[in-house]
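> What follows is a structure written as structure tokens; I'll ask about it next.
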Amino acid sequence: MSLRRRCGRARVGSRDGAPGRREWSAVGRGGAEAGLLVTGRPWAPPGAARPPVWLPPFSRRVQGTGGSSAVSKCSAAARGYVRDRFLELLVGRRRRRRAPLVHRGYYVRTRAVDHCVQDFLLKTQSHPRTQILSLGAGFDSLYFRLKDMGLLSHTVVYEVDFPNVVCQKATLIKGIKELSALVGDAEGERIGATTFSGEDYKLLGVDLSELSKLQKALEEAGLDSEVPTLFLAEVVLTYMENSRSDALIQWAAEHFSQACFVLYEQMHPEDPFGRVMQQHFSQLNSTLQSLAQYPDHEAQRRRFLQKGWTECSVMDMNEFFTFCTPEDEQRRVQALEPFDEYEEWHLKCSHYFVLTAAKGMKSSWTPLLSNMTVPYGDGPVKVAGSITASVCGIHSEVAGLRRYGHHSALIKPDIILTTGGFGEEDGQHCRMRNFHVLIKHEGCWKAGGVKKENHGKRWGGRLYHTVSCLSNNLALVVGGRTSPSSAALGMLWLKFPESCNALDSDGITVELVDLQPVAEPAALRWRHTATEVMFRGEKYLFLYGGRSAMQPVLGDWYFLHTEELSCTAIPVEGPVPESRHSHSACSWRGGVLIAGGLGAAEQPLGSVFFLREIEHGFQWQTVETHPPLIPRYSHTAHVYDEKLLLVGGVWFHSSSVPGITIIDLMTGLCMDYTISVEHLEWPLMLHNHSSVFLPNEKELLLIGGGGNCFSFGTHLNPEPVSLSFSNILTSH
């Protein structure tokens, strides 16, 4: 029987769970435990057969999650993230353009694996022969890239995957001259589980969960247990039952005299991002089995050491990108595409890790530790207490508070106006054009309506803008963007009646007045802050930082006179803060407190500055905190009773998520509090949110928040949440 007639045509793989547009249709038989008939239309050489393939339940679940991995890598290669001319040959007509966030995710994954593989080849180059065993390889192009670079002069690459995946890949290789030329002469007949065999490249069709069959197939294919061997598993073992994946890890350590292992998988399942990630895979019927027993760095490290490996190191992908990627390469990647999903990028990276383990090697193999010069987000955060979150229980026909990148402002003592952002409107995800109000009535928050006048294109559906209330009936909107390549939105007046009742049937009327091109350079930015300051008895808005379509981070500032709406030159002295965006800014003692933010290298900042008024202008002063503030960004902040309250955000301390940090501005004492979410039925994501502090009640209202969780879907906090600070601010 010829190879083409023997192999199935399902478009499946087993490398990852990133979703994509499915290229196959499925018809179940006999209920949930029955097999699945899969048919598809992947690219193949002309004349290749396309019979359906009958898949058992386990392979169906795993392969159903992995089909888009090669497509995503191919998209990243097409945009210049990685150099890989072989991916498009393996992917063919399945090519799809992915989002920049997905490109970055697959870039750092590919770079981490390549870093470890090439380090192994370098450290073992004196050996006459070495081996790479890629588990669940799918349509990965690793062999072809290494062969093309001349790195396999004494190395044989073995790839293992489900039989139908291996058959399909073998057919592709045989039908594409550029691929088959790199492999060289291949044996024409199948030997055991070996579907395709070249001099330095073997494809084996075996279910990894059946260890005895795997071992037999590898031995028949010529794998030598006395030769230095690198095991590679990218998002593969986590789909197996823990007893089976543990057995495979232990077998590799016990059976091979000189062995290294590279593992790339998910972690931190119980924080908000982790819960969304788990839900995604569960909906695909591909539960991440390892997360419950091995949820973090240390659990995975112990796992390998207990299974016979003598050394093991682990990094999350934020750590890898920071410490194992040269700075010039970081800058190159960051400049490839317009990008504004920093929170989701860093959260994705904090939920994936790369692990390296070794045993029996003549010299220590630590491709990760040698690059990490300082501890990075290691160990638990010291917590002073907990604050309980409760749902506000707003019931109204007015929807639209499910959003992120918006702004909420207290325009009246009990009325909060929320504008802009990206969220859900009329059942669609879109840039939000409608305004919404919350009003506190008889001790309860209720939603009210907003009627806009002259809104048209003046509003523009902007994100990451600021809204500053300058009087009882006037607020100023500054900046914002529609897309990362467009920020020409300028400034707007929001005018509303001095006395209004949001609960009236007509709601609040808000008039929009366009102010362009007034103070244009100051307004063409987003992720900035606008804070009220006083100088010589007059009121100004201090516009600081942010980013623009041309500059990924800004460090300039403007003093905008609130009556004349003109920028005034006021002298500023002292150490200039590092450029930043997504920071917080609060009015205090006539000046402004700046905390955190994301710096020029896309690294969170932990600095706090106070811009204070002096006789002839302003002066920057550093606020020292002890212990040092954990660097963060995308948080909100408020000042109450000489204390700075920082709310949520994103940091690189992957063992936990930011809750509430209280800094005593008199002593510098910095204390962290967790947010108890036991009363919430959904994950509370505290980034890209807004918050309003009500000093009389010592109550903080959290509105919106969330974002695109890599390729796992969009999560938007469904309801406003209330936090009571009565006990903490009294005792602090």
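Ordering of the structure tokens sets the chain letters (A, B, ...); residue numbers start at 1 within each chain; ligands are numbered from 1 in the order shown.
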If you run DSSP on the backbone, which residues of segment 119-186 of chain A are alpha helix (DSSP H), as a PyMOL selection string?
chain A and resi 119-123+142-148+163-175+177-183
> Would you mind listing what lies within 8 Å of Phe610 of chain A as a list of chain:residue names, with only C-alpha atoms counted and same-chain residues fewer than 3 positions away left out?
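Within the cut-off, the hits are A:Gly591, A:Val592, A:Leu593, A:Ile594, A:Trp620, A:Gln621, A:Thr622, A:Val623.
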> Could you write those residues out with N, CA, C and O atoms, as a PDB file, in the first residue's frame?

ATOM      1  N   GLY A 591      -0.196  69.523  44.590  1.00  0.00           N
ATOM      2  CA  GLY A 591       0.660  68.926  43.566  1.00  0.00           C
ATOM      3  C   GLY A 591       0.070  67.625  43.079  1.00  0.00           C
ATOM      4  O   GLY A 591      -1.147  67.426  43.107  1.00  0.00           O
ATOM      5  N   VAL A 592       0.929  66.716  42.630  1.00  0.00           N
ATOM      6  CA  VAL A 592       0.447  65.457  42.068  1.00  0.00           C
ATOM      7  C   VAL A 592       1.388  64.323  42.454  1.00  0.00           C
ATOM      8  O   VAL A 592       2.609  64.482  42.472  1.00  0.00           O
ATOM      9  N   LEU A 593       0.806  63.169  42.790  1.00  0.00           N
ATOM     10  CA  LEU A 593       1.546  61.954  43.100  1.00  0.00           C
ATOM     11  C   LEU A 593       1.477  61.027  41.887  1.00  0.00           C
ATOM     12  O   LEU A 593       0.388  60.680  41.426  1.00  0.00           O
ATOM     13  N   ILE A 594       2.630  60.617  41.380  1.00  0.00           N
ATOM     14  CA  ILE A 594       2.726  59.686  40.254  1.00  0.00           C
ATOM     15  C   ILE A 594       3.240  58.359  40.793  1.00  0.00           C
ATOM     16  O   ILE A 594       4.258  58.315  41.497  1.00  0.00           O
ATOM     17  N   TRP A 620      10.182  67.964  41.353  1.00  0.00           N
ATOM     18  CA  TRP A 620       9.998  66.522  41.485  1.00  0.00           C
ATOM     19  C   TRP A 620      10.716  66.023  42.730  1.00  0.00           C
ATOM     20  O   TRP A 620      11.874  66.354  42.965  1.00  0.00           O
ATOM     21  N   GLN A 621      10.023  65.228  43.520  1.00  0.00           N
ATOM     22  CA  GLN A 621      10.627  64.586  44.674  1.00  0.00           C
ATOM     23  C   GLN A 621      10.297  63.090  44.651  1.00  0.00           C
ATOM     24  O   GLN A 621       9.179  62.699  44.327  1.00  0.00           O
ATOM     25  N   THR A 622      11.276  62.278  44.992  1.00  0.00           N
ATOM     26  CA  THR A 622      11.049  60.837  45.075  1.00  0.00           C
ATOM     27  C   THR A 622      10.419  60.490  46.413  1.00  0.00           C
ATOM     28  O   THR A 622      10.859  60.971  47.455  1.00  0.00           O
ATOM     29  N   VAL A 623       9.379  59.681  46.390  1.00  0.00           N
ATOM     30  CA  VAL A 623       8.743  59.199  47.618  1.00  0.00           C
ATOM     31  C   VAL A 623       9.314  57.808  47.910  1.00  0.00           C
ATOM     32  O   VAL A 623       9.082  56.855  47.158  1.00  0.00           O
TER      33      VAL A 623
END
> Which is closer to Asp200 of chain A than all the others in A:Trp251, A:Phe231, A:Phe559, A:Tyr143, using only C-alpha atoms?
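For Asp200 of chain A, the nearest of the given residues is A:Tyr143.
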> Give me the residues of segment 633-658 of chain A that have any atom at most 12 Å from an atom of segment 528-536 of chain A; for each, the nearest atom pair and the distance in Å, rounded to one decimal. Use only C-alpha atoms, sort by chain and number, and format it as CSV.

residue,atom,partner,partner_atom,distance
A:Tyr633,CA,A:His528,CA,11.8
A:Ser634,CA,A:His528,CA,10.7
A:His635,CA,A:Thr529,CA,12.0
A:Thr636,CA,A:Thr529,CA,10.6
A:Ala637,CA,A:Thr529,CA,11.3
A:His638,CA,A:Thr531,CA,11.6
> Can you pull out the residues contacting Ala549 of chain A? Cut-off 7 Å, using only C-alpha atoms, and skip same-chain residues under 5 positions away; I want them as number ranges by chain.
A: 484-487
> Can you work out which one of A:Leu702, A:Leu218, A:Leu208, A:Leu263 has the shortest atom-to-atom distance to Ala247 of chain A, counting only C-alpha atoms?
A:Leu208
> To one decimal place, how far is atom CA of Thr482 of chain A from atom CA of Gly648 of chain A in Å?
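It comes out at 24.4 Å.
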> As a PyMOL selection string, please: the residues near Glu498 of chain A (cut-off 10 Å, only C-alpha atoms, same-chain neighbours under 6 positions excluded).
chain A and resi 411-412+471-474
> With only C-alpha atoms as the counted atoms, please give the residues lying no more than 12 Å from Val381 of chain A, apart from itself and same-chain residues fewer than 5 positions off, as a ChimeraX atom specification.
/A:627-630,651-659,661,671-674
> What's around segment 323-335 of chain A at 10 Å? Count only C-alpha atoms, leave out sequence neighbours fewer than 3 positions away in its own chain, and write the answer as number ranges by chain.
A: 80-82, 103-104, 107-108, 111-112, 115, 315, 317-320, 338-339, 367-374, 376, 552, 600-602
> Check the DSSP output for the backbone and give back, as number ranges by chain, the residues of segment 413-654 of chain A in strand (DSSP E).
A: 415-419, 422-425, 428-431, 436-441, 444-448, 450-453, 466-471, 474-478, 491-495, 508-514, 529-535, 538-544, 557-561, 567-568, 572-573, 584-588, 591-595, 608-614, 617-622, 636-640, 643-647
> Would you mind reading off the distance between atom CA of Phe609 of chain A and atom CA of Gly537 of chain A, one decimal, in Å?
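Value for the atom CA of Phe609 of chain A-atom CA of Gly537 of chain A distance: 22.4 Å.
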> Pick the closest to His255 of chain A from A:Tyr464, A:Phe710, A:Trp309, A:Phe162: which is it, counting only C-alpha atoms?
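Using only C-alpha atoms, the shortest distance to His255 of chain A belongs to A:Trp309.
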> Could you name the residues that touch segment 676-690 of chain A at 7 Å or less, counting only C-alpha atoms, but leaving out those on the same chain fewer than 3 positions away, as a ChimeraX atom specification?
/A:272,275,386-391,404-408,634-636,648-650,702-706,717
> Only N, CA, C and O atoms, please: the residues just picked out, written as a compact mmCIF listing (two decimals), in the first residue's frame.

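Everything below was put into part30.txt:
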# COMPACT_ATOMS: atom_id res chain seq x y z
N PRO A 272 -7.57 35.11 38.35
CA PRO A 272 -8.60 35.42 37.35
C PRO A 272 -8.24 35.00 35.93
O PRO A 272 -9.04 34.38 35.23
N ARG A 275 -8.35 31.23 35.60
CA ARG A 275 -9.70 30.66 35.55
C ARG A 275 -10.29 30.78 34.15
O ARG A 275 -10.95 29.85 33.67
N SER A 386 -6.94 41.50 54.31
CA SER A 386 -7.81 41.23 53.18
C SER A 386 -8.99 42.20 53.19
O SER A 386 -9.46 42.62 54.24
N ILE A 387 -9.44 42.55 51.99
CA ILE A 387 -10.61 43.41 51.81
C ILE A 387 -11.63 42.63 51.00
O ILE A 387 -11.31 42.06 49.95
N THR A 388 -12.86 42.58 51.47
CA THR A 388 -13.89 41.78 50.82
C THR A 388 -14.58 42.55 49.71
O THR A 388 -14.97 43.71 49.90
N ALA A 389 -14.69 41.92 48.55
CA ALA A 389 -15.39 42.51 47.42
C ALA A 389 -16.83 42.02 47.41
O ALA A 389 -17.11 40.85 47.66
N SER A 390 -17.75 42.93 47.13
CA SER A 390 -19.17 42.55 47.03
C SER A 390 -19.77 43.19 45.79
O SER A 390 -19.44 44.31 45.42
N VAL A 391 -20.66 42.45 45.15
CA VAL A 391 -21.33 42.94 43.96
C VAL A 391 -22.32 44.02 44.35
O VAL A 391 -23.03 43.89 45.36
N TYR A 404 -13.60 47.78 29.17
CA TYR A 404 -12.26 48.08 29.70
C TYR A 404 -11.66 49.24 28.89
O TYR A 404 -12.14 49.57 27.81
N GLY A 405 -10.62 49.87 29.45
CA GLY A 405 -10.01 51.01 28.79
C GLY A 405 -10.88 52.25 28.81
O GLY A 405 -10.70 53.17 28.01
N HIS A 406 -11.85 52.31 29.74
CA HIS A 406 -12.81 53.40 29.85
C HIS A 406 -12.35 54.38 30.93
O HIS A 406 -11.28 54.24 31.50
N HIS A 407 -13.21 55.34 31.24
CA HIS A 407 -12.94 56.26 32.35
C HIS A 407 -14.24 56.53 33.09
O HIS A 407 -15.29 56.72 32.47
N SER A 408 -14.15 56.52 34.41
CA SER A 408 -15.31 56.85 35.26
C SER A 408 -14.96 58.04 36.13
O SER A 408 -13.87 58.09 36.71
N SER A 634 -1.26 49.81 35.02
CA SER A 634 -2.68 49.59 34.73
C SER A 634 -3.51 49.49 36.00
O SER A 634 -4.52 48.80 36.04
N HIS A 635 -3.09 50.18 37.04
CA HIS A 635 -3.83 50.26 38.29
C HIS A 635 -4.54 51.60 38.36
O HIS A 635 -4.37 52.46 37.50
N THR A 636 -5.35 51.79 39.37
CA THR A 636 -5.94 53.10 39.66
C THR A 636 -5.48 53.52 41.06
O THR A 636 -4.92 52.72 41.81
N GLY A 648 -5.39 47.31 42.26
CA GLY A 648 -5.23 46.37 41.16
C GLY A 648 -4.00 46.63 40.32
O GLY A 648 -2.95 47.08 40.80
N GLY A 649 -4.12 46.33 39.03
CA GLY A 649 -3.03 46.51 38.09
C GLY A 649 -2.41 45.19 37.67
O GLY A 649 -2.93 44.10 37.92
N VAL A 650 -1.28 45.29 37.00
CA VAL A 650 -0.52 44.13 36.53
C VAL A 650 0.90 44.26 37.03
O VAL A 650 1.50 45.34 36.95
N LEU A 702 -15.51 49.73 42.00
CA LEU A 702 -14.75 49.26 40.84
C LEU A 702 -15.69 49.05 39.68
O LEU A 702 -16.70 48.33 39.80
N ILE A 703 -15.37 49.64 38.54
CA ILE A 703 -16.24 49.58 37.37
C ILE A 703 -15.47 49.01 36.20
O ILE A 703 -14.38 49.49 35.85
N GLY A 704 -16.03 47.97 35.58
CA GLY A 704 -15.43 47.39 34.39
C GLY A 704 -14.11 46.71 34.67
O GLY A 704 -13.79 46.32 35.79
N GLY A 705 -13.31 46.55 33.64
CA GLY A 705 -12.02 45.89 33.73
C GLY A 705 -12.02 44.57 33.01
O GLY A 705 -13.06 43.96 32.74
N GLY A 706 -10.83 44.12 32.67
CA GLY A 706 -10.66 42.87 31.94
C GLY A 706 -9.94 43.11 30.64
O GLY A 706 -9.21 44.08 30.47
N ASN A 717 -15.43 42.13 33.34
CA ASN A 717 -16.12 42.03 34.63
C ASN A 717 -17.58 42.44 34.44
O ASN A 717 -17.86 43.54 33.98
> Which residue gives the smallest distance to Ala475 of chain A among A:Gln278, A:Ser180, A:Gln428, A:Thr419, with only C-alpha atoms counted?
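Nearest to Ala475 of chain A: A:Thr419.
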> Quick one: of A:Trp365, A:Phe196, A:Phe281, A:Phe712, who's nearest to Thr238 of chain A, counting only C-alpha atoms?
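Ranked by minimum distance to Thr238 of chain A, first place goes to A:Phe281.
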> For atom CA of Asp84 of chain A and atom CA of Glu178 of chain A, determine how far apart the two atoms are, in Å to one decimal place.
13.2 Å
> Using only C-alpha atoms, pick whichever of A:Ser209, A:Ile132, A:Tyr540, A:Lys202 has the shortest atom-to-atom distance to Val236 of chain A.
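When distances to Val236 of chain A are compared using only C-alpha atoms, the smallest one comes from A:Ser209.
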